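Shown here: structure-v3.cif, mmCIF, N, CA and C atoms.
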```cif
data_model
#
loop_
_atom_site.label_atom_id
_atom_site.label_comp_id
_atom_site.auth_asym_id
_atom_site.auth_seq_id
_atom_site.Cartn_x
_atom_site.Cartn_y
_atom_site.Cartn_z
N MET X 17 0.82 -1.19 0.00
CA MET X 17 0.00 0.00 0.00
C MET X 17 0.87 1.25 0.00
N LYS X 18 1.93 1.23 0.83
CA LYS X 18 2.82 2.39 0.88
C LYS X 18 3.50 2.59 -0.47
N ARG X 19 3.84 1.48 -1.12
CA ARG X 19 4.51 1.57 -2.42
C ARG X 19 3.57 2.20 -3.45
N ILE X 20 2.32 1.80 -3.47
CA ILE X 20 1.33 2.37 -4.40
C ILE X 20 1.15 3.87 -4.14
N LEU X 21 1.07 4.24 -2.88
CA LEU X 21 0.93 5.64 -2.52
C LEU X 21 2.16 6.44 -2.96
N SER X 22 3.35 5.88 -2.73
CA SER X 22 4.59 6.56 -3.13
C SER X 22 4.65 6.75 -4.64
N ILE X 23 4.30 5.71 -5.40
CA ILE X 23 4.31 5.80 -6.86
C ILE X 23 3.28 6.82 -7.34
N SER X 24 2.11 6.81 -6.73
CA SER X 24 1.06 7.77 -7.09
C SER X 24 1.51 9.20 -6.84
N LEU X 25 2.15 9.43 -5.70
CA LEU X 25 2.65 10.78 -5.38
C LEU X 25 3.75 11.20 -6.35
N LEU X 26 4.62 10.26 -6.72
CA LEU X 26 5.68 10.55 -7.67
C LEU X 26 5.10 10.97 -9.02
N TRP X 27 4.13 10.19 -9.53
CA TRP X 27 3.52 10.52 -10.83
C TRP X 27 2.76 11.83 -10.77
N THR X 28 2.12 12.13 -9.66
CA THR X 28 1.42 13.39 -9.50
C THR X 28 2.42 14.55 -9.54
N ALA X 29 3.55 14.38 -8.87
CA ALA X 29 4.59 15.42 -8.88
C ALA X 29 5.15 15.62 -10.28
N VAL X 30 5.41 14.54 -11.00
CA VAL X 30 5.92 14.63 -12.37
C VAL X 30 4.92 15.35 -13.26
N ALA X 31 3.64 14.97 -13.15
CA ALA X 31 2.60 15.61 -13.96
C ALA X 31 2.50 17.10 -13.65
N LEU X 32 2.64 17.46 -12.38
CA LEU X 32 2.58 18.86 -11.99
C LEU X 32 3.76 19.64 -12.58
N VAL X 33 4.96 19.08 -12.52
CA VAL X 33 6.14 19.74 -13.08
C VAL X 33 5.98 19.92 -14.59
N VAL X 34 5.55 18.87 -15.28
CA VAL X 34 5.38 18.95 -16.74
C VAL X 34 4.33 19.99 -17.09
N SER X 35 3.22 20.01 -16.38
CA SER X 35 2.15 20.95 -16.71
C SER X 35 2.56 22.39 -16.42
N THR X 36 3.42 22.63 -15.44
CA THR X 36 3.84 24.01 -15.18
C THR X 36 4.92 24.45 -16.15
N GLN X 37 5.68 23.51 -16.73
CA GLN X 37 6.71 23.89 -17.68
C GLN X 37 6.13 24.13 -19.07
N ALA X 38 5.15 23.35 -19.49
CA ALA X 38 4.57 23.48 -20.81
C ALA X 38 3.46 24.52 -20.77
N LYS X 39 3.81 25.73 -21.13
CA LYS X 39 2.85 26.83 -21.08
C LYS X 39 2.25 27.05 -22.46
N ASP X 40 0.96 27.25 -22.49
CA ASP X 40 0.29 27.55 -23.75
C ASP X 40 0.67 28.95 -24.20
N VAL X 41 0.92 29.08 -25.50
CA VAL X 41 1.23 30.38 -26.07
C VAL X 41 -0.10 31.08 -26.34
N PRO X 42 -0.30 32.26 -25.78
CA PRO X 42 -1.57 32.97 -26.00
C PRO X 42 -1.83 33.17 -27.50
N ASN X 43 -3.11 33.09 -27.87
CA ASN X 43 -3.50 33.19 -29.27
C ASN X 43 -3.01 34.48 -29.92
N ASP X 44 -3.08 35.61 -29.20
CA ASP X 44 -2.65 36.88 -29.80
C ASP X 44 -1.14 36.86 -30.10
N VAL X 45 -0.37 36.21 -29.26
CA VAL X 45 1.07 36.09 -29.50
C VAL X 45 1.32 35.17 -30.69
N GLN X 46 0.58 34.04 -30.75
CA GLN X 46 0.70 33.15 -31.91
C GLN X 46 0.42 33.91 -33.21
N GLN X 47 -0.64 34.70 -33.21
CA GLN X 47 -1.00 35.44 -34.43
C GLN X 47 0.07 36.47 -34.79
N THR X 48 0.67 37.10 -33.80
CA THR X 48 1.76 38.06 -34.05
C THR X 48 2.95 37.35 -34.68
N LEU X 49 3.32 36.20 -34.15
CA LEU X 49 4.47 35.46 -34.67
C LEU X 49 4.18 34.88 -36.06
N ILE X 50 2.97 34.42 -36.28
CA ILE X 50 2.58 33.96 -37.63
C ILE X 50 2.67 35.10 -38.61
N SER X 51 2.21 36.27 -38.21
CA SER X 51 2.28 37.45 -39.08
C SER X 51 3.73 37.79 -39.42
N LEU X 52 4.61 37.75 -38.43
CA LEU X 52 6.03 38.01 -38.68
C LEU X 52 6.62 36.97 -39.63
N ASP X 53 6.24 35.71 -39.43
CA ASP X 53 6.75 34.66 -40.31
C ASP X 53 6.27 34.89 -41.75
N LYS X 54 5.02 35.26 -41.91
CA LYS X 54 4.49 35.53 -43.26
C LYS X 54 5.19 36.73 -43.89
N GLN X 55 5.45 37.76 -43.09
CA GLN X 55 6.19 38.93 -43.61
C GLN X 55 7.57 38.50 -44.09
N TRP X 56 8.22 37.64 -43.31
CA TRP X 56 9.53 37.14 -43.68
C TRP X 56 9.44 36.37 -45.00
N GLY X 57 8.46 35.47 -45.10
CA GLY X 57 8.30 34.67 -46.31
C GLY X 57 8.00 35.48 -47.55
N GLN X 58 7.33 36.62 -47.36
CA GLN X 58 6.96 37.48 -48.48
C GLN X 58 7.97 38.59 -48.74
N ALA X 59 8.96 38.72 -47.87
CA ALA X 59 9.93 39.83 -47.99
C ALA X 59 10.86 39.68 -49.18
N GLY X 60 11.10 38.43 -49.60
CA GLY X 60 12.04 38.23 -50.70
C GLY X 60 13.40 38.80 -50.33
N GLY X 61 13.89 39.73 -51.13
CA GLY X 61 15.19 40.35 -50.88
C GLY X 61 15.10 41.70 -50.20
N ASP X 62 13.94 42.04 -49.63
CA ASP X 62 13.74 43.35 -48.98
C ASP X 62 14.50 43.37 -47.65
N THR X 63 15.71 43.91 -47.70
CA THR X 63 16.58 43.90 -46.52
C THR X 63 16.04 44.74 -45.37
N VAL X 64 15.26 45.78 -45.66
CA VAL X 64 14.69 46.61 -44.59
C VAL X 64 13.69 45.79 -43.78
N LYS X 65 12.80 45.05 -44.46
CA LYS X 65 11.83 44.20 -43.76
C LYS X 65 12.54 43.09 -42.98
N LEU X 66 13.51 42.45 -43.62
CA LEU X 66 14.23 41.36 -42.97
C LEU X 66 14.99 41.84 -41.74
N ASP X 67 15.56 43.03 -41.83
CA ASP X 67 16.32 43.60 -40.71
C ASP X 67 15.45 43.78 -39.48
N LYS X 68 14.17 44.11 -39.67
CA LYS X 68 13.26 44.30 -38.53
C LYS X 68 12.84 42.98 -37.90
N ILE X 69 12.74 41.93 -38.71
CA ILE X 69 12.26 40.64 -38.23
C ILE X 69 13.37 39.84 -37.56
N ILE X 70 14.58 39.96 -38.07
CA ILE X 70 15.71 39.14 -37.63
C ILE X 70 16.54 39.90 -36.60
N GLY X 71 16.80 39.28 -35.46
CA GLY X 71 17.59 39.90 -34.40
C GLY X 71 19.06 40.05 -34.79
N ASP X 72 19.71 41.05 -34.21
CA ASP X 72 21.10 41.36 -34.55
C ASP X 72 22.08 40.23 -34.23
N ASN X 73 21.82 39.47 -33.19
CA ASN X 73 22.74 38.40 -32.77
C ASN X 73 22.23 37.02 -33.18
N LEU X 74 21.58 36.97 -34.33
CA LEU X 74 20.97 35.73 -34.82
C LEU X 74 21.98 34.59 -34.91
N LEU X 75 21.50 33.40 -34.55
CA LEU X 75 22.23 32.14 -34.79
C LEU X 75 21.36 31.35 -35.75
N ALA X 76 21.90 30.99 -36.92
CA ALA X 76 21.10 30.31 -37.93
C ALA X 76 21.86 29.14 -38.54
N ILE X 77 21.07 28.16 -38.95
CA ILE X 77 21.59 27.05 -39.75
C ILE X 77 20.81 27.11 -41.06
N GLY X 78 21.52 27.27 -42.17
CA GLY X 78 20.89 27.39 -43.47
C GLY X 78 20.44 26.04 -44.01
N SER X 79 19.78 26.07 -45.16
CA SER X 79 19.20 24.87 -45.74
C SER X 79 20.24 23.82 -46.16
N LYS X 80 21.50 24.25 -46.29
CA LYS X 80 22.57 23.31 -46.64
C LYS X 80 23.41 22.92 -45.42
N GLY X 81 22.94 23.30 -44.23
CA GLY X 81 23.64 22.94 -43.01
C GLY X 81 24.72 23.93 -42.57
N GLU X 82 24.82 25.06 -43.27
CA GLU X 82 25.87 26.03 -42.95
C GLU X 82 25.42 26.98 -41.83
N ALA X 83 26.38 27.34 -40.97
CA ALA X 83 26.12 28.32 -39.91
C ALA X 83 26.06 29.71 -40.54
N GLN X 84 25.10 30.51 -40.09
CA GLN X 84 24.93 31.85 -40.63
C GLN X 84 24.70 32.85 -39.51
N ASP X 85 25.14 34.09 -39.76
CA ASP X 85 24.76 35.19 -38.89
C ASP X 85 23.66 35.98 -39.61
N LYS X 86 23.26 37.09 -39.04
CA LYS X 86 22.16 37.87 -39.60
C LYS X 86 22.44 38.31 -41.04
N GLN X 87 23.61 38.86 -41.28
CA GLN X 87 23.94 39.37 -42.62
C GLN X 87 23.99 38.24 -43.66
N GLN X 88 24.51 37.10 -43.26
CA GLN X 88 24.58 35.96 -44.18
C GLN X 88 23.18 35.42 -44.50
N LEU X 89 22.32 35.37 -43.49
CA LEU X 89 20.96 34.91 -43.71
C LEU X 89 20.19 35.85 -44.63
N ILE X 90 20.35 37.15 -44.42
CA ILE X 90 19.68 38.13 -45.28
C ILE X 90 20.20 38.02 -46.71
N ALA X 91 21.51 37.86 -46.87
CA ALA X 91 22.09 37.71 -48.21
C ALA X 91 21.57 36.43 -48.87
N ASP X 92 21.45 35.35 -48.11
CA ASP X 92 20.93 34.09 -48.63
C ASP X 92 19.48 34.25 -49.06
N ASN X 93 18.67 34.94 -48.24
CA ASN X 93 17.27 35.22 -48.58
C ASN X 93 17.18 35.99 -49.90
N LYS X 94 18.03 36.99 -50.01
CA LYS X 94 18.04 37.84 -51.21
C LYS X 94 18.42 37.02 -52.45
N ALA X 95 19.45 36.20 -52.33
CA ALA X 95 19.92 35.39 -53.46
C ALA X 95 18.87 34.36 -53.87
N THR X 96 18.22 33.74 -52.89
CA THR X 96 17.21 32.72 -53.17
C THR X 96 16.01 33.31 -53.90
N SER X 97 15.63 34.52 -53.53
CA SER X 97 14.43 35.13 -54.13
C SER X 97 14.72 35.82 -55.46
N ALA X 98 16.00 36.03 -55.79
CA ALA X 98 16.36 36.72 -57.03
C ALA X 98 15.88 35.91 -58.24
N GLY X 99 15.28 36.57 -59.16
CA GLY X 99 14.86 35.93 -60.39
C GLY X 99 13.53 35.20 -60.30
N VAL X 100 12.88 35.20 -59.14
CA VAL X 100 11.58 34.56 -59.00
C VAL X 100 10.51 35.65 -59.08
N GLN X 101 9.63 35.51 -60.07
CA GLN X 101 8.55 36.49 -60.24
C GLN X 101 7.23 35.89 -59.73
N ASN X 102 6.34 36.80 -59.33
CA ASN X 102 5.00 36.42 -58.87
C ASN X 102 5.04 35.35 -57.78
N ALA X 103 5.99 35.49 -56.87
CA ALA X 103 6.14 34.49 -55.80
C ALA X 103 5.01 34.62 -54.78
N SER X 104 4.52 33.47 -54.34
CA SER X 104 3.54 33.44 -53.25
C SER X 104 4.08 32.52 -52.17
N TYR X 105 3.86 32.90 -50.93
CA TYR X 105 4.35 32.14 -49.78
C TYR X 105 3.16 31.62 -49.01
N MET X 106 3.08 30.30 -48.81
CA MET X 106 1.96 29.68 -48.10
C MET X 106 2.48 28.84 -46.94
N PRO X 107 2.45 29.38 -45.72
CA PRO X 107 2.88 28.60 -44.55
C PRO X 107 1.70 27.87 -43.92
N ASP X 108 2.00 26.78 -43.23
CA ASP X 108 0.99 26.06 -42.48
C ASP X 108 1.66 25.17 -41.44
N GLU X 109 0.85 24.39 -40.76
CA GLU X 109 1.31 23.45 -39.72
C GLU X 109 2.14 24.12 -38.62
N TYR X 110 1.68 25.27 -38.16
CA TYR X 110 2.38 25.98 -37.08
C TYR X 110 2.22 25.24 -35.76
N LYS X 111 3.32 25.17 -35.01
CA LYS X 111 3.32 24.65 -33.65
C LYS X 111 4.17 25.60 -32.81
N PHE X 112 3.79 25.76 -31.54
CA PHE X 112 4.46 26.70 -30.65
C PHE X 112 4.78 26.05 -29.31
N GLU X 113 5.86 26.52 -28.71
CA GLU X 113 6.22 26.13 -27.35
C GLU X 113 6.79 27.37 -26.66
N MET X 114 6.20 27.74 -25.53
CA MET X 114 6.66 28.90 -24.78
C MET X 114 7.72 28.46 -23.78
N LEU X 115 8.94 28.95 -23.95
CA LEU X 115 10.01 28.64 -23.01
C LEU X 115 9.99 29.61 -21.84
N SER X 116 9.59 30.84 -22.10
CA SER X 116 9.38 31.86 -21.08
C SER X 116 8.44 32.89 -21.71
N PRO X 117 7.93 33.84 -20.94
CA PRO X 117 7.02 34.82 -21.55
C PRO X 117 7.66 35.61 -22.70
N ASP X 118 9.00 35.64 -22.75
CA ASP X 118 9.68 36.41 -23.79
C ASP X 118 10.44 35.53 -24.79
N VAL X 119 10.30 34.22 -24.71
CA VAL X 119 11.00 33.31 -25.65
C VAL X 119 10.03 32.21 -26.08
N ILE X 120 9.80 32.14 -27.39
CA ILE X 120 8.87 31.16 -27.94
C ILE X 120 9.51 30.46 -29.13
N VAL X 121 9.35 29.14 -29.18
CA VAL X 121 9.83 28.34 -30.30
C VAL X 121 8.64 28.05 -31.20
N MET X 122 8.85 28.24 -32.50
CA MET X 122 7.81 27.97 -33.50
C MET X 122 8.38 27.03 -34.55
N THR X 123 7.57 26.07 -34.98
CA THR X 123 7.92 25.26 -36.14
C THR X 123 6.78 25.38 -37.14
N HIS X 124 7.09 25.19 -38.41
CA HIS X 124 6.06 25.23 -39.45
C HIS X 124 6.61 24.71 -40.76
N ARG X 125 5.71 24.56 -41.71
CA ARG X 125 6.07 24.23 -43.09
C ARG X 125 5.74 25.45 -43.94
N GLY X 126 6.57 25.73 -44.91
CA GLY X 126 6.31 26.84 -45.83
C GLY X 126 6.52 26.39 -47.26
N THR X 127 5.66 26.87 -48.14
CA THR X 127 5.77 26.55 -49.57
C THR X 127 5.75 27.84 -50.36
N THR X 128 6.73 28.00 -51.22
CA THR X 128 6.80 29.16 -52.10
C THR X 128 6.62 28.69 -53.54
N LYS X 129 5.75 29.39 -54.26
CA LYS X 129 5.54 29.10 -55.68
C LYS X 129 5.75 30.38 -56.46
N GLY X 130 6.29 30.24 -57.65
CA GLY X 130 6.50 31.40 -58.51
C GLY X 130 7.01 30.97 -59.87
N MET X 131 7.43 31.95 -60.64
CA MET X 131 7.96 31.70 -61.99
C MET X 131 9.43 32.10 -62.01
N GLN X 132 10.26 31.24 -62.57
CA GLN X 132 11.68 31.53 -62.73
C GLN X 132 12.13 31.01 -64.09
N ASN X 133 12.69 31.92 -64.88
CA ASN X 133 13.13 31.58 -66.24
C ASN X 133 12.00 30.96 -67.06
N GLY X 134 10.79 31.49 -66.89
CA GLY X 134 9.65 31.03 -67.66
C GLY X 134 9.04 29.72 -67.20
N LYS X 135 9.52 29.16 -66.10
CA LYS X 135 9.01 27.89 -65.59
C LYS X 135 8.45 28.09 -64.19
N GLU X 136 7.39 27.32 -63.89
CA GLU X 136 6.84 27.37 -62.54
C GLU X 136 7.78 26.62 -61.60
N VAL X 137 8.09 27.24 -60.46
CA VAL X 137 8.95 26.61 -59.46
C VAL X 137 8.20 26.55 -58.13
N THR X 138 8.43 25.46 -57.41
CA THR X 138 7.84 25.28 -56.09
C THR X 138 8.94 24.84 -55.15
N GLU X 139 9.01 25.48 -53.99
CA GLU X 139 9.99 25.13 -52.96
C GLU X 139 9.22 24.95 -51.66
N SER X 140 9.46 23.82 -51.00
CA SER X 140 8.83 23.56 -49.72
C SER X 140 9.91 23.31 -48.69
N HIS X 141 9.71 23.82 -47.48
CA HIS X 141 10.70 23.67 -46.42
C HIS X 141 10.02 23.57 -45.06
N ARG X 142 10.79 23.13 -44.10
CA ARG X 142 10.39 23.14 -42.69
C ARG X 142 11.31 24.10 -41.97
N SER X 143 10.75 24.86 -41.04
CA SER X 143 11.54 25.83 -40.29
C SER X 143 11.30 25.68 -38.80
N LEU X 144 12.34 25.97 -38.04
CA LEU X 144 12.26 26.12 -36.60
C LEU X 144 12.80 27.51 -36.30
N HIS X 145 11.98 28.34 -35.65
CA HIS X 145 12.39 29.70 -35.29
C HIS X 145 12.29 29.87 -33.78
N VAL X 146 13.27 30.54 -33.21
CA VAL X 146 13.19 30.95 -31.81
C VAL X 146 12.98 32.45 -31.82
N PHE X 147 11.83 32.88 -31.29
CA PHE X 147 11.50 34.30 -31.20
C PHE X 147 11.78 34.78 -29.78
N GLN X 148 12.32 35.98 -29.67
CA GLN X 148 12.53 36.60 -28.37
C GLN X 148 11.95 38.01 -28.43
N LYS X 149 11.30 38.40 -27.36
CA LYS X 149 10.75 39.76 -27.28
C LYS X 149 11.86 40.67 -26.76
N LEU X 150 12.32 41.55 -27.64
CA LEU X 150 13.41 42.48 -27.33
C LEU X 150 12.92 43.91 -27.49
N ALA X 151 13.08 44.70 -26.48
CA ALA X 151 12.65 46.10 -26.51
C ALA X 151 11.19 46.21 -26.96
N GLY X 152 10.34 45.29 -26.48
CA GLY X 152 8.92 45.37 -26.75
C GLY X 152 8.45 44.77 -28.07
N ARG X 153 9.35 44.21 -28.87
CA ARG X 153 8.90 43.59 -30.13
C ARG X 153 9.57 42.24 -30.33
N TRP X 154 8.87 41.36 -31.01
CA TRP X 154 9.36 40.01 -31.27
C TRP X 154 10.33 40.01 -32.44
N GLN X 155 11.44 39.27 -32.27
CA GLN X 155 12.41 39.09 -33.35
C GLN X 155 12.89 37.64 -33.33
N VAL X 156 13.32 37.16 -34.49
CA VAL X 156 13.90 35.83 -34.60
C VAL X 156 15.34 35.92 -34.12
N VAL X 157 15.71 35.10 -33.13
CA VAL X 157 17.08 35.11 -32.61
C VAL X 157 17.83 33.83 -32.97
N ALA X 158 17.09 32.79 -33.41
CA ALA X 158 17.71 31.55 -33.87
C ALA X 158 16.75 30.90 -34.86
N THR X 159 17.32 30.25 -35.87
CA THR X 159 16.47 29.61 -36.88
C THR X 159 17.21 28.47 -37.56
N HIS X 160 16.44 27.51 -38.02
CA HIS X 160 16.98 26.41 -38.83
C HIS X 160 15.94 26.12 -39.92
N ASN X 161 16.43 25.93 -41.11
CA ASN X 161 15.58 25.70 -42.26
C ASN X 161 16.07 24.44 -42.97
N SER X 162 15.16 23.54 -43.30
CA SER X 162 15.57 22.36 -44.07
C SER X 162 14.55 22.11 -45.18
N GLN X 163 15.06 21.64 -46.30
CA GLN X 163 14.20 21.37 -47.45
C GLN X 163 14.02 19.90 -47.64
#
```
Rewrite the structure from the file as structure tokens, please.
Amino acid sequence: MKRILSISLLWTAVALVVSTQAKDVPNDVQQTLISLDKQWGQAGGDTVKLDKIIGDNLLAIGSKGEAQDKQQLIADNKATSAGVQNASYMPDEYKFEMLSPDVIVMTHRGTTKGMQNGKEVTESHRSLHVFQKLAGRWQVVATHNSQ
């Protein structure tokens, strides 16, 4: 009987710890981060827009596994979008995890379609972004993209 009680108390404590660590991301924050992600996906080579979304001390892993800083990521974004006309960005499958009130991890799938050299092109990828609220606004401070 004591053993059953001890095991029950242990599982209750574990469940309590897990439930206090896994915080739901408020819907308004989710919508803000989705909006930022969509702006990023639609920015193409617009360095002014990208500069606002991406934090200065960004840590990134590019689609080929290379480490990137903010300037390298922006240059990569610009190069990737060059020559693509009528591009549309369609993200979905968003998932969120709140690490603290000012740090949120987001994953999603994104698909870009457009025309390049007279041919229709489609690119699909998965992304993991870490957003941090800095000086009152959300910015990406870490990201990984894989195709």
Using only C-alpha atoms, determine which residues lie at most 8 Å from Met131 (chain X), disregarding the query and same-chain residues fewer than 4 positions distant; provide the list as number ranges by chain.
X: 100-103, 135-137
Neighbour list for Asn93 (chain X) as a PyMOL selection string, cut-off 9 Å, only C-alpha atoms, skip fewer than 6 positions in-chain:
chain X and resi 59-63+66
DSSP says helix (DSSP H, G or I) for which residues of chain X? Put them as a PyMOL selection string?
chain X and resi 18-37+43-59+63-69+86-97
Need to verify the contact set: Met122 (chain X), 9 Å, only C-alpha atoms, exclusion of same-chain residues closer than 5 positions in sequence. Can you return it as a list in words?
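In the requested form, the answer reads Gln46, Leu49, Ile50, Tyr110, Lys111, Phe112, Glu113, Met114, Ser143, Leu144, His145, Val146 and Phe147 of chain X.
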Care to translate the PyMOL selection byres ((chain X and resi 156) around 5) into actual residues of this file, as a PyMOL selection string?
chain X and resi 69-71+146-147+154-155+157-158
Show which residues sit within 5 Å of Ser104 (chain X), as a ChimeraX atom specification. Count all atoms listed in the file, and ignore same-chain residues fewer than 2 positions away.
/X:102,106,128-130
Would you save the residues of that selection, restricted to N, CA and C atoms, as an mmCIF file, in the coordinates of the input?
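In the end it all went to out17.cif:
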```
data_model
loop_
_atom_site.group_PDB
_atom_site.id
_atom_site.type_symbol
_atom_site.label_atom_id
_atom_site.label_comp_id
_atom_site.auth_asym_id
_atom_site.auth_seq_id
_atom_site.Cartn_x
_atom_site.Cartn_y
_atom_site.Cartn_z
ATOM 1 N N ASN X 102 6.340 36.800 -59.330
ATOM 2 C CA ASN X 102 5.000 36.420 -58.870
ATOM 3 C C ASN X 102 5.040 35.350 -57.780
ATOM 4 N N MET X 106 3.080 30.300 -48.810
ATOM 5 C CA MET X 106 1.960 29.680 -48.100
ATOM 6 C C MET X 106 2.480 28.840 -46.940
ATOM 7 N N THR X 128 6.730 28.000 -51.220
ATOM 8 C CA THR X 128 6.800 29.160 -52.100
ATOM 9 C C THR X 128 6.620 28.690 -53.540
ATOM 10 N N LYS X 129 5.750 29.390 -54.260
ATOM 11 C CA LYS X 129 5.540 29.100 -55.680
ATOM 12 C C LYS X 129 5.750 30.380 -56.460
ATOM 13 N N GLY X 130 6.290 30.240 -57.650
ATOM 14 C CA GLY X 130 6.500 31.400 -58.510
ATOM 15 C C GLY X 130 7.010 30.970 -59.870
#
```
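You will find CA of Pro107 (chain X) at 16.9 Å from CA of Val45 (chain X).
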Between X:Asn161, X:Gln132, X:Val119, X:Thr96, which residue has the minimum interatomic distance to Lys80 (chain X), considering all atoms listed in the file?
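When distances to Lys80 (chain X) are compared using all atoms listed in the file, the smallest one comes from X:Asn161.
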Computed interatomic separation between CA of Gly152 (chain X) and CA of Gln55 (chain X) (Å):
18.3 Å
Pull the strand (DSSP E or B) assignments for chain X out of DSSP run on the backbone, and list those residues as a PyMOL selection string.
chain X and resi 39+70-77+83-84+101-116+119-132+135-150+153-162
Which polymer residues have any atom within 6 Å of an atom of Ser140 (chain X), counting only N, CA and C atoms, with same-chain residues fewer than 3 positions away left out, as a list in words?
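Once the adjacent positions are removed, what remains is Gly126, Thr127, Thr128, Ser162 and Gln163 of chain X.
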Using only N, CA and C atoms, please write the residues we just selected to a file, as an mmCIF file, in the frame of the given file.
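Once everything was written out, this is selection02.cif:
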```cif
data_model
loop_
_atom_site.group_PDB
_atom_site.id
_atom_site.type_symbol
_atom_site.label_atom_id
_atom_site.label_comp_id
_atom_site.auth_asym_id
_atom_site.auth_seq_id
_atom_site.Cartn_x
_atom_site.Cartn_y
_atom_site.Cartn_z
ATOM 1 N N GLY X 126 6.570 25.730 -44.910
ATOM 2 C CA GLY X 126 6.310 26.840 -45.830
ATOM 3 C C GLY X 126 6.520 26.390 -47.260
ATOM 4 N N THR X 127 5.660 26.870 -48.140
ATOM 5 C CA THR X 127 5.770 26.550 -49.570
ATOM 6 C C THR X 127 5.750 27.840 -50.360
ATOM 7 N N THR X 128 6.730 28.000 -51.220
ATOM 8 C CA THR X 128 6.800 29.160 -52.100
ATOM 9 C C THR X 128 6.620 28.690 -53.540
ATOM 10 N N SER X 162 15.160 23.540 -43.300
ATOM 11 C CA SER X 162 15.570 22.360 -44.070
ATOM 12 C C SER X 162 14.550 22.110 -45.180
ATOM 13 N N GLN X 163 15.060 21.640 -46.300
ATOM 14 C CA GLN X 163 14.200 21.370 -47.450
ATOM 15 C C GLN X 163 14.020 19.900 -47.640
#
```
Picked residues, the PyMOL selection byres ((chain X and resi 118) around 6.5), expected as JSON, numbers by chain:
{"X": [115, 116, 117, 119, 120, 147, 148, 149]}
Atom pair atom C of Asp40 (chain X) / atom N of Asp108 (chain X): separation (Å)
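Straight-line distance from atom C of Asp40 (chain X) to atom N of Asp108 (chain X) works out to 19.2 Å.
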Box for region 76-86 of chain X: with edges along x, y and z, all listed atoms inside and 4 Å added on each side, what are the centre and edge lengths in Å to one decimal, as lines of an AutoDock Vina configuration file?
```
center_x = 22.8
center_y = 30.6
center_z = -41.8
size_x = 15.2
size_y = 23.4
size_z = 17.7
```
Step by step, work through what the PyMOL selection byres (((chain X and resi 86 and name CA) around 9) and name CA) selects in the shown file, and finish by giving those residues as a list in words.
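Output from the PyMOL selection byres (((chain X and resi 86 and name CA) around 9) and name CA), applied to this file: Asp67, Ile70, Gly71, Asp72, Asn73, Leu74, Leu75, Ala76, Gln84, Asp85, Gln87, Gln88, Leu89, Ile90 and Ala91 of chain X.
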Between X:Gln58, X:Asn43, X:Thr159, X:Thr48, which one has atoms that come closest to Tyr105 (chain X), using all atoms listed in the file?
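Among X:Gln58, X:Asn43, X:Thr159, X:Thr48, it is X:Gln58 that comes nearest to Tyr105 (chain X).
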